[in-house]
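Peer 1: Sharing structure35.csv (CSV, C-alpha atoms and all ligand atoms) below.
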```
chain,number,residue,atom,x,y,z
E,1,MET,CA,-9.3,45.5,14.6
E,2,SER,CA,-9.4,45.0,10.8
E,3,LYS,CA,-11.5,47.5,8.8
E,4,VAL,CA,-14.5,45.9,7.1
E,5,ASP,CA,-15.7,47.5,3.9
E,6,GLY,CA,-17.7,46.7,0.8
E,7,ILE,CA,-20.5,44.2,1.2
E,8,GLU,CA,-18.9,42.8,4.3
E,9,ARG,CA,-20.1,46.0,6.2
E,10,PHE,CA,-23.6,44.3,6.2
E,11,ILE,CA,-22.5,41.0,7.6
E,12,ARG,CA,-23.1,40.5,11.3
E,13,PRO,CA,-20.0,41.5,13.2
E,14,SER,CA,-19.9,38.3,15.1
E,15,LEU,CA,-19.2,36.5,11.8
E,16,THR,CA,-16.2,38.5,10.5
E,17,ALA,CA,-13.7,37.0,13.0
E,18,LEU,CA,-15.2,33.5,12.7
E,19,GLN,CA,-13.0,30.8,11.1
E,20,GLU,CA,-14.4,28.2,8.8
E,21,HIS,CA,-14.9,24.9,10.6
E,22,SER,CA,-12.1,22.4,9.8
E,23,ALA,CA,-14.8,19.8,8.7
E,24,SER,CA,-16.1,22.3,6.1
E,25,LYS,CA,-12.8,22.5,4.3
E,26,PRO,CA,-11.7,20.2,1.5
E,27,ARG,CA,-9.2,17.6,2.6
E,28,ASN,CA,-6.2,16.9,0.4
E,29,ILE,CA,-6.2,13.2,1.1
E,30,ASN,CA,-7.0,10.3,-1.2
E,31,MET,CA,-9.8,8.6,0.7
E,32,GLU,CA,-9.8,5.4,-1.3
E,33,ASN,CA,-9.0,2.3,0.8
E,34,ILE,CA,-8.2,4.5,3.8
E,35,ILE,CA,-8.9,3.2,7.4
E,36,LYS,CA,-11.1,6.1,8.5
E,37,LEU,CA,-11.0,6.5,12.2
E,38,ASN,CA,-11.2,10.3,12.4
E,39,ALA,CA,-14.9,11.1,13.0
E,40,ASN,CA,-16.1,8.5,15.6
E,41,GLU,CA,-18.2,6.8,13.0
E,42,ASN,CA,-19.7,3.3,13.5
E,43,PRO,CA,-17.5,0.9,11.5
E,44,TYR,CA,-20.3,-1.6,11.2
E,45,GLY,CA,-22.6,0.8,9.4
E,46,CYS,CA,-26.3,0.9,9.8
E,47,SER,CA,-28.9,-1.9,10.2
E,48,PRO,CA,-29.5,-3.7,6.8
E,49,ARG,CA,-33.2,-2.9,7.4
E,50,VAL,CA,-32.5,0.8,7.1
E,51,LEU,CA,-30.9,0.2,3.6
E,52,GLN,CA,-33.9,-1.9,2.5
E,53,ALA,CA,-36.5,0.7,3.7
E,54,ILE,CA,-34.6,3.5,1.9
E,55,ALA,CA,-34.3,1.5,-1.3
E,56,ALA,CA,-38.1,0.8,-1.3
E,57,TYR,CA,-39.2,4.3,-0.5
E,58,LYS,CA,-41.2,5.9,-3.3
E,59,ASN,CA,-42.7,9.2,-2.0
E,60,LEU,CA,-39.9,11.6,-2.5
E,61,ASN,CA,-42.4,14.1,-3.9
E,62,LEU,CA,-44.0,14.5,-0.5
E,63,TYR,CA,-42.7,16.7,2.4
E,64,PRO,CA,-41.9,14.9,5.6
E,65,ALA,CA,-44.4,15.2,8.5
E,66,GLY,CA,-43.8,18.6,9.9
E,67,SER,CA,-45.2,17.6,13.3
E,68,GLN,CA,-42.4,15.0,13.7
E,69,ALA,CA,-45.3,13.0,15.4
E,70,GLU,CA,-44.0,9.4,14.6
E,71,LEU,CA,-40.4,10.4,15.1
E,72,LYS,CA,-41.1,11.9,18.5
E,73,ARG,CA,-43.2,8.8,19.5
E,74,LEU,CA,-40.5,6.4,18.4
E,75,ILE,CA,-37.7,8.3,20.1
E,76,ALA,CA,-39.8,8.8,23.2
E,77,GLU,CA,-40.3,5.0,23.5
E,78,TYR,CA,-36.6,4.4,23.0
E,79,THR,CA,-35.5,7.0,25.7
E,80,GLY,CA,-38.4,6.4,28.1
E,81,VAL,CA,-39.7,10.0,28.1
E,82,ASN,CA,-42.9,11.5,26.7
E,83,ALA,CA,-43.2,12.6,23.0
E,84,GLU,CA,-43.8,16.2,24.1
E,85,ASN,CA,-40.2,16.2,25.5
E,86,ILE,CA,-38.6,15.4,22.2
E,87,ILE,CA,-37.4,17.6,19.3
E,88,ALA,CA,-35.7,16.0,16.4
E,89,GLY,CA,-33.1,17.7,14.3
E,90,ASN,CA,-30.8,17.4,11.3
E,91,GLY,CA,-28.2,15.8,13.6
E,92,CYS,CA,-27.9,17.1,17.1
E,93,GLU,CA,-25.7,19.8,15.6
E,94,GLU,CA,-28.9,21.4,14.4
E,95,LEU,CA,-30.5,21.1,17.8
E,96,LEU,CA,-27.7,23.0,19.4
E,97,ASP,CA,-28.1,25.7,16.8
E,98,ILE,CA,-31.8,25.9,17.7
E,99,VAL,CA,-31.2,25.9,21.4
E,100,ILE,CA,-28.5,28.6,21.2
E,101,ARG,CA,-30.9,30.7,19.1
E,102,ALA,CA,-33.6,30.3,21.7
E,103,PHE,CA,-31.5,31.3,24.7
E,104,ILE,CA,-28.5,33.4,23.7
E,105,ASP,CA,-28.7,37.1,23.1
E,106,HIS,CA,-25.7,39.4,22.4
E,107,ASP,CA,-23.1,39.1,25.2
E,108,ASP,CA,-24.9,36.4,27.1
E,109,GLU,CA,-22.3,34.0,28.5
E,110,VAL,CA,-22.2,30.3,27.8
E,111,ILE,CA,-19.9,28.2,30.1
E,112,HIS,CA,-18.3,25.2,28.4
E,113,CYS,CA,-15.8,22.8,30.1
E,114,THR,CA,-12.9,22.3,27.7
E,115,PRO,CA,-11.2,20.6,26.0
E,116,SER,CA,-14.4,19.5,24.4
E,117,TRP,CA,-16.5,19.4,21.3
E,118,ASP,CA,-16.1,22.8,19.6
E,119,MET,CA,-19.5,23.1,18.0
E,120,PHE,CA,-21.0,24.8,21.1
E,121,ASP,CA,-18.3,27.4,21.0
E,122,ILE,CA,-18.8,28.1,17.3
E,123,LYS,CA,-22.6,28.5,17.6
E,124,THR,CA,-22.3,30.7,20.6
E,125,SER,CA,-19.9,33.0,18.7
E,126,ILE,CA,-22.2,33.0,15.6
E,127,TYR,CA,-25.1,34.3,17.6
E,128,GLY,CA,-23.1,36.9,19.4
E,129,GLY,CA,-22.8,35.1,22.8
E,130,LYS,CA,-19.7,35.1,24.9
E,131,LEU,CA,-17.9,31.8,25.4
E,132,VAL,CA,-16.6,31.2,28.9
E,133,THR,CA,-14.3,28.2,29.0
E,134,VAL,CA,-13.6,26.3,32.2
E,135,SER,CA,-10.6,24.0,32.0
E,136,ARG,CA,-11.2,20.4,32.9
E,137,ASN,CA,-9.0,18.7,35.5
E,138,PRO,CA,-5.8,16.9,34.5
E,139,ASP,CA,-7.9,13.7,34.3
E,140,PHE,CA,-10.3,15.6,31.9
E,141,LEU,CA,-13.3,15.5,34.2
E,142,PHE,CA,-15.0,18.8,34.8
E,143,ASP,CA,-14.7,20.4,38.2
E,144,VAL,CA,-18.0,21.4,39.8
E,145,PRO,CA,-16.6,24.2,42.0
E,146,SER,CA,-14.7,25.7,38.9
E,147,VAL,CA,-17.9,25.7,36.9
E,148,LYS,CA,-19.8,27.4,39.7
E,149,ALA,CA,-17.0,30.0,40.1
E,150,ALA,CA,-17.4,30.9,36.4
E,151,ILE,CA,-21.0,31.9,36.8
E,152,THR,CA,-21.8,35.6,36.5
E,153,ASP,CA,-25.1,37.5,36.2
E,154,ARG,CA,-24.6,37.2,32.4
E,155,THR,CA,-24.5,33.4,32.4
E,156,LYS,CA,-27.3,32.0,30.3
E,157,MET,CA,-26.2,28.5,29.8
E,158,ILE,CA,-23.9,25.8,31.0
E,159,VAL,CA,-22.8,23.1,28.5
E,160,ILE,CA,-21.5,19.7,29.5
E,161,VAL,CA,-20.5,17.1,27.0
E,162,ASN,CA,-20.8,13.8,28.9
E,163,PRO,CA,-19.1,11.5,27.9
E,164,ASN,CA,-16.8,14.1,26.6
E,165,ASN,CA,-15.3,14.4,23.1
E,166,PRO,CA,-12.3,14.4,22.4
E,167,THR,CA,-11.2,13.0,25.8
E,168,GLY,CA,-13.8,10.1,26.2
E,169,THR,CA,-14.1,10.8,29.9
E,170,MET,CA,-17.4,10.9,31.9
E,171,ASN,CA,-18.4,12.6,35.1
E,172,PRO,CA,-20.8,10.8,37.4
E,173,PRO,CA,-24.5,12.0,37.6
E,174,GLU,CA,-23.9,13.6,41.0
E,175,ASP,CA,-21.7,16.2,39.4
E,176,ILE,CA,-24.3,17.0,36.7
E,177,LEU,CA,-27.0,17.3,39.4
E,178,GLU,CA,-24.9,19.9,41.2
E,179,ILE,CA,-24.7,21.9,38.0
E,180,ILE,CA,-28.4,21.5,37.4
E,181,ASP,CA,-29.0,22.8,40.9
E,182,THR,CA,-27.6,26.2,39.9
E,183,GLY,CA,-31.0,26.7,38.2
E,184,LEU,CA,-29.3,28.0,35.0
E,185,PRO,CA,-30.2,26.3,31.7
E,186,VAL,CA,-27.9,23.3,31.4
E,187,VAL,CA,-27.3,21.4,28.2
E,188,VAL,CA,-25.9,17.9,28.6
E,189,ASP,CA,-24.6,16.4,25.3
E,190,GLU,CA,-24.9,12.6,25.5
E,191,ALA,CA,-24.0,11.8,21.9
E,192,TYR,CA,-21.9,8.9,23.1
E,193,VAL,CA,-24.0,7.6,26.0
E,194,GLU,CA,-24.9,4.3,24.3
E,195,PHE,CA,-21.2,3.4,24.7
E,196,SER,CA,-21.2,4.2,28.5
E,197,GLY,CA,-24.7,3.9,29.9
E,198,GLY,CA,-25.8,6.3,32.6
E,199,SER,CA,-28.0,8.7,30.7
E,200,ILE,CA,-29.7,11.4,32.8
E,201,SER,CA,-32.3,12.2,30.1
E,202,LYS,CA,-35.3,11.0,32.2
E,203,LEU,CA,-34.6,13.9,34.6
E,204,VAL,CA,-36.0,16.4,32.2
E,205,ASN,CA,-39.4,15.9,33.7
E,206,LYS,CA,-38.0,16.8,37.2
E,207,TYR,CA,-35.8,19.8,36.3
E,208,GLU,CA,-37.2,22.7,34.2
E,209,ASN,CA,-33.6,23.8,33.3
E,210,LEU,CA,-32.2,20.5,31.9
E,211,MET,CA,-31.7,19.8,28.2
E,212,VAL,CA,-30.2,16.5,26.9
E,213,PHE,CA,-28.8,16.0,23.4
E,214,ARG,CA,-28.7,12.6,21.9
E,215,THR,CA,-28.0,11.2,18.4
E,216,PHE,CA,-28.4,8.2,16.1
E,217,SER,CA,-25.1,9.0,14.4
E,218,LYS,CA,-22.8,6.9,16.5
E,219,TRP,CA,-24.6,3.9,18.0
E,220,ALA,CA,-27.0,3.3,15.1
E,221,GLY,CA,-24.4,4.0,12.4
E,222,ILE,CA,-26.5,6.6,10.5
E,223,ALA,CA,-24.3,9.7,10.8
E,224,GLY,CA,-24.8,10.3,7.0
E,225,ILE,CA,-28.6,10.6,7.3
E,226,ARG,CA,-28.3,13.3,10.0
E,227,ILE,CA,-30.7,12.5,12.8
E,228,GLY,CA,-30.2,13.7,16.3
E,229,TYR,CA,-32.7,14.8,19.0
E,230,GLY,CA,-33.0,16.7,22.2
E,231,ILE,CA,-34.9,15.7,25.3
E,232,PHE,CA,-36.4,18.8,26.9
E,233,PRO,CA,-38.8,19.9,29.6
E,234,ALA,CA,-42.1,20.3,27.8
E,235,LYS,CA,-42.1,24.1,28.3
E,236,ILE,CA,-38.7,24.5,26.5
E,237,ALA,CA,-39.7,22.0,23.8
E,238,ALA,CA,-42.7,24.1,22.9
E,239,TYR,CA,-40.4,27.1,22.3
E,240,LEU,CA,-37.9,25.1,20.3
E,241,ASN,CA,-40.8,23.7,18.2
E,242,LYS,CA,-41.6,27.3,17.2
E,243,ILE,CA,-38.0,28.0,16.0
E,244,ARG,CA,-37.2,24.8,14.1
E,245,SER,CA,-38.1,24.6,10.4
E,246,PRO,CA,-41.1,22.3,10.1
E,247,PHE,CA,-39.3,20.0,7.6
E,248,ASN,CA,-35.9,20.0,9.3
E,249,VAL,CA,-35.8,16.2,9.4
E,250,ASN,CA,-36.0,14.4,6.1
E,251,VAL,CA,-38.1,11.3,5.2
E,252,PHE,CA,-35.0,9.0,5.2
E,253,ALA,CA,-34.3,10.0,8.8
E,254,LEU,CA,-37.7,8.8,9.8
E,255,LEU,CA,-37.3,5.5,8.0
E,256,ALA,CA,-33.8,5.1,9.5
E,257,VAL,CA,-35.0,5.7,13.0
E,258,ARG,CA,-38.0,3.3,12.6
E,259,GLU,CA,-35.9,0.5,11.2
E,260,SER,CA,-33.0,1.0,13.5
E,261,LEU,CA,-35.3,0.7,16.5
E,262,ASN,CA,-36.9,-2.4,14.8
E,263,ASP,CA,-33.4,-3.9,14.6
E,264,ILE,CA,-32.2,-2.7,18.0
E,265,ASP,CA,-30.7,-6.1,19.1
E,266,TYR,CA,-28.5,-6.1,16.0
E,267,LEU,CA,-27.3,-2.6,16.6
E,268,ILE,CA,-26.7,-3.0,20.4
E,269,ASN,CA,-24.7,-6.1,19.6
E,270,ASN,CA,-22.5,-4.0,17.4
E,271,VAL,CA,-22.2,-1.4,20.2
E,272,ARG,CA,-21.1,-4.2,22.5
E,273,THR,CA,-18.4,-5.3,20.1
E,274,ILE,CA,-17.2,-1.7,19.7
E,275,ILE,CA,-16.9,-1.5,23.5
E,276,GLU,CA,-14.9,-4.8,23.7
E,277,GLU,CA,-12.7,-3.5,20.9
E,278,ARG,CA,-12.3,-0.2,22.7
E,279,ASP,CA,-11.0,-2.0,25.7
E,280,ARG,CA,-8.7,-4.2,23.7
E,281,LEU,CA,-7.4,-1.1,21.8
E,282,PHE,CA,-6.8,0.7,25.1
E,283,THR,CA,-4.8,-2.2,26.5
E,284,ASN,CA,-2.6,-2.3,23.4
E,285,LEU,CA,-2.1,1.5,23.2
E,286,SER,CA,-1.1,1.4,26.9
E,287,LYS,CA,1.8,-0.8,26.0
E,288,LEU,CA,3.4,1.9,23.8
E,289,LYS,CA,5.9,4.0,25.6
E,290,PHE,CA,5.3,7.1,23.6
E,291,LEU,CA,1.5,7.3,24.1
E,292,ARG,CA,-0.7,7.7,27.2
E,293,PRO,CA,-4.2,6.6,26.2
E,294,VAL,CA,-7.0,8.2,28.3
E,295,PRO,CA,-9.6,5.6,29.6
E,296,SER,CA,-12.7,6.1,27.5
E,297,CYS,CA,-16.5,5.7,27.9
E,298,THR,CA,-17.0,6.3,24.1
E,299,ASN,CA,-16.2,4.8,20.7
E,300,PHE,CA,-12.9,6.5,20.5
E,301,ILE,CA,-9.7,6.8,22.6
E,302,LEU,CA,-7.6,9.9,23.0
E,303,GLY,CA,-3.8,9.2,23.0
E,304,LEU,CA,-1.5,11.8,24.7
E,305,VAL,CA,1.9,11.8,23.1
E,306,THR,CA,4.6,11.5,25.8
E,307,ASN,CA,7.6,11.1,23.5
E,308,GLY,CA,8.2,12.2,19.9
E,309,SER,CA,6.2,14.5,17.7
E,310,ALA,CA,2.4,14.0,17.4
E,311,GLU,CA,2.5,15.7,14.0
E,312,ASN,CA,5.1,13.2,12.7
E,313,ILE,CA,3.3,10.2,14.1
E,314,ASN,CA,0.1,11.4,12.5
E,315,GLN,CA,1.8,11.9,9.1
E,316,LYS,CA,3.3,8.4,9.3
E,317,LEU,CA,-0.1,6.9,10.2
E,318,LEU,CA,-1.5,8.7,7.1
E,319,ASP,CA,1.3,7.3,5.0
E,320,LYS,CA,0.1,3.9,6.2
E,321,ARG,CA,-3.5,4.9,5.1
E,322,ILE,CA,-4.8,5.4,8.6
E,323,LEU,CA,-6.8,8.6,9.2
E,324,ILE,CA,-7.3,9.8,12.7
E,325,HIS,CA,-8.2,13.1,14.4
E,326,THR,CA,-5.6,15.3,16.0
E,327,PRO,CA,-7.1,17.6,18.6
E,328,ASN,CA,-5.1,20.2,20.5
E,329,ILE,CA,-5.2,19.4,24.2
E,330,PRO,CA,-4.1,22.2,26.5
E,331,GLY,CA,-1.0,21.0,28.4
E,332,TRP,CA,-0.3,18.3,25.8
E,333,GLY,CA,-0.5,20.0,22.4
E,334,LEU,CA,-1.4,18.1,19.4
E,335,SER,CA,-2.8,14.7,20.4
E,336,LEU,CA,-4.1,11.6,18.6
E,337,ARG,CA,-7.7,10.5,18.8
E,338,PHE,CA,-8.4,7.0,17.5
E,339,GLY,CA,-12.0,6.0,16.6
E,340,VAL,CA,-12.6,2.4,17.5
E,341,GLY,CA,-12.8,0.4,14.3
E,342,LYS,CA,-13.4,-3.2,13.5
E,343,PRO,CA,-10.9,-5.7,15.0
E,344,GLU,CA,-8.8,-5.6,11.8
E,345,HIS,CA,-8.7,-1.8,11.8
E,346,ASN,CA,-7.6,-1.7,15.4
E,347,ASP,CA,-4.9,-4.3,14.7
E,348,ALA,CA,-3.7,-2.1,11.8
E,349,VAL,CA,-3.5,0.9,14.2
E,350,ILE,CA,-1.5,-1.0,16.8
E,351,ASN,CA,0.9,-2.5,14.2
E,352,ALA,CA,1.4,0.8,12.5
E,353,LEU,CA,2.1,2.6,15.9
E,354,GLN,CA,4.6,-0.1,16.9
E,355,GLU,CA,6.4,0.3,13.5
E,356,ILE,CA,6.3,4.1,13.8
E,357,GLY,CA,7.6,3.8,17.4
E,358,GLU,CA,10.6,1.8,16.2
E,359,GLU,CA,11.2,4.0,13.1
E,360,MET,CA,11.2,7.2,15.2
E,361,ASP,CA,13.1,5.5,18.1
E,362,ILE,CA,10.5,6.7,20.6
E,363,ASN,CA,9.2,3.4,21.9
H,1,LIG,C1,-20.2,15.6,21.6
H,1,LIG,C2,-20.8,15.4,20.2
H,1,LIG,N1,-22.1,15.8,20.1
H,1,LIG,C3,-22.7,15.7,18.9
H,1,LIG,C4,-22.0,15.3,17.8
H,1,LIG,C5,-22.7,15.2,16.4
H,1,LIG,O1,-23.9,14.6,16.5
H,1,LIG,P1,-24.8,14.6,15.2
H,1,LIG,O2,-24.2,13.7,14.2
H,1,LIG,O3,-26.1,14.1,15.6
H,1,LIG,O4,-24.9,16.0,14.7
H,1,LIG,C6,-20.7,14.9,17.9
H,1,LIG,C7,-20.0,14.4,16.7
H,1,LIG,O5,-18.9,14.1,16.6
H,1,LIG,C8,-20.1,15.0,19.1
H,1,LIG,O6,-18.8,14.6,19.3
```
Would you write the structure of this file as structure tokens?
Peer 2:
Amino acid sequence: MSKVDGIERFIRPSLTALQEHSASKPRNINMENIIKLNANENPYGCSPRVLQAIAAYKNLNLYPAGSQAELKRLIAEYTGVNAENIIAGNGCEELLDIVIRAFIDHDDEVIHCTPSWDMFDIKTSIYGGKLVTVSRNPDFLFDVPSVKAAITDRTKMIVIVNPNNPTGTMNPPEDILEIIDTGLPVVVDEAYVEFSGGSISKLVNKYENLMVFRTFSKWAGIAGIRIGYGIFPAKIAAYLNKIRSPFNVNVFALLAVRESLNDIDYLINNVRTIIEERDRLFTNLSKLKFLRPVPSCTNFILGLVTNGSAENINQKLLDKRILIHTPNIPGWGLSLRFGVGKPEHNDAVINALQEIGEEMDIN
């Protein structure tokens, strides 16, 4: 173990080994005119009504409503639960920070089915919890018996991202119900559920151990404003309300939620187009001999590289001004995750990959 001295002696030990998140590091890429498909963002942007409301807003001298009363009411209407079940956050990233703080003490175990979104792992480590990873099946669905086998008397939480990032795969509700039946606190992250349907969020009133995370970042195209929420049993929500900062959600987020929901048909139509484009992109990616796309329930597609080097393919995509994400997938190594863009973006991806396949002689 490395010796820690100086001011670092006072930093919490769980932080000394922690790596800076890749998204926090500066990127040495000229972002001008790039086709940006690396962060599962909505290529159609937000509702024009959101932009108008923000431009017209005058009261920046006033704090937001600390109670989140209107936000909770609006989100409750959208999701079909009660306002007392909702806690809004600065993106659902903040919600998961609050939830881990509420549940996880030193050495408590958090089970996470990987490969998946790494933010749960990072937060668990920050607060001194112990991450227990359970590998997903070869088809990237989580395996209920494997999750149950990983439970010990230190298990405090089971996390399931469904649909999953970066694989795009989704387990059926029966599998989630079996995990809920363990009685342990279960977090189901449904950040992408608007692209799949099948949310289990209404079940929070039936199961005292179920927590569901959702966000406006993806379907409503407001990732930059940072507004996510959790749907919790009322008892858990009351605890989380004590932990969150009263002004954790800014005034623009409230306007953006209000106007997004006022313009829901427009936004859902964009979601429909993204789903159609996802299926078209999948069909085209399937035609490439060097790539195996994983069927997706989200707004992105994971491509497993079956021939050639993923690093080289990614570099050549970058040379052609296409930015994607390259997660490491156990058993496959570096892989290519393509956000679904507008039709012209997806055409550019397919054309670029065809050219790269020829250049590298891998297609
Ligand atoms: C599974 C998952 N949950 C949550 C988020 C982030 O949500 P938010 O923007 O609300 O913090 C992401 C973003 O990529 C994600 O992949």
Peer 1: Using all atoms listed in the file, find the one residue out of E:Leu353, E:Val251, E:Ala102, E:Val193 that sits nearest to Leu288 of chain E.
Peer 2: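 Smallest distance to Leu288 of chain E is found for E:Leu353.
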Peer 1: Please, which residues have at least one atom within 6 Å of an atom of ligand LIG 1 (chain H), using all atoms listed in the file, listed as a ChimeraX atom specification?
Peer 2: /E:91-93,117,161,165,189,191,215,217,223,226-228
Peer 1: Output C-alpha atoms for every residue in the selection just made, as an mmCIF file, in the frame of the given file.
Peer 2:
```cif
data_model
loop_
_atom_site.group_PDB
_atom_site.id
_atom_site.type_symbol
_atom_site.label_atom_id
_atom_site.label_comp_id
_atom_site.auth_asym_id
_atom_site.auth_seq_id
_atom_site.Cartn_x
_atom_site.Cartn_y
_atom_site.Cartn_z
ATOM 1 C CA GLY E 91 -28.200 15.800 13.600
ATOM 2 C CA CYS E 92 -27.900 17.100 17.100
ATOM 3 C CA GLU E 93 -25.700 19.800 15.600
ATOM 4 C CA TRP E 117 -16.500 19.400 21.300
ATOM 5 C CA VAL E 161 -20.500 17.100 27.000
ATOM 6 C CA ASN E 165 -15.300 14.400 23.100
ATOM 7 C CA ASP E 189 -24.600 16.400 25.300
ATOM 8 C CA ALA E 191 -24.000 11.800 21.900
ATOM 9 C CA THR E 215 -28.000 11.200 18.400
ATOM 10 C CA SER E 217 -25.100 9.000 14.400
ATOM 11 C CA ALA E 223 -24.300 9.700 10.800
ATOM 12 C CA ARG E 226 -28.300 13.300 10.000
ATOM 13 C CA ILE E 227 -30.700 12.500 12.800
ATOM 14 C CA GLY E 228 -30.200 13.700 16.300
#
```
Peer 1: Give the answer as one residue: which of E:Gln19, E:Thr326, E:Gln52, E:Thr169 has the shortest atom-to-atom distance to Ser125 of chain E, using all atoms listed in the file?
Peer 2: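 Closest to Ser125 of chain E, using all atoms listed in the file: E:Gln19.
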Peer 1: One decimal, in Å: what's the spacing between atom CA of Pro172 of chain E and atom CA of Ser296 of chain E?
Peer 2: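 According to the coordinates, atom CA of Pro172 of chain E and atom CA of Ser296 of chain E are separated by 13.6 Å.
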Peer 1: With only C-alpha atoms as the basis for distance, which of E:Tyr192, E:Phe140, E:Tyr57, E:Tyr207 is at the shortest distance from Ile176 of chain E?
Peer 2: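 Of all the options, E:Tyr207 lies closest to Ile176 of chain E.
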Peer 1: Which of these residues is nearest to Met170 of chain E, using all atoms listed in the file: E:Val110, E:Val294, E:Leu60, E:Val186?
Peer 2: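 Closest to Met170 of chain E, using all atoms listed in the file: E:Val294.
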Peer 1: Please compute the atom CA of Asn284 of chain E-atom CA of Gln354 of chain E distance, one decimal, in Å.
Peer 2: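 Value for the atom CA of Asn284 of chain E-atom CA of Gln354 of chain E distance: 9.9 Å.
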Peer 1: Nearest to Glu94 of chain E: which of E:Gly224, E:Lys123, E:Thr155, E:Ser260 is it, counting all atoms listed in the file?
Peer 2: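 Of E:Gly224, E:Lys123, E:Thr155, E:Ser260, the one nearest Glu94 of chain E is E:Lys123, counting all atoms listed in the file.
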Peer 1: In Å, rounded to a single decimal, give me how far atom CA of Asn248 of chain E is from atom CA of Asn90 of chain E.
Peer 2: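 Going from atom CA of Asn90 of chain E over to atom CA of Asn248 of chain E covers 6.1 Å.
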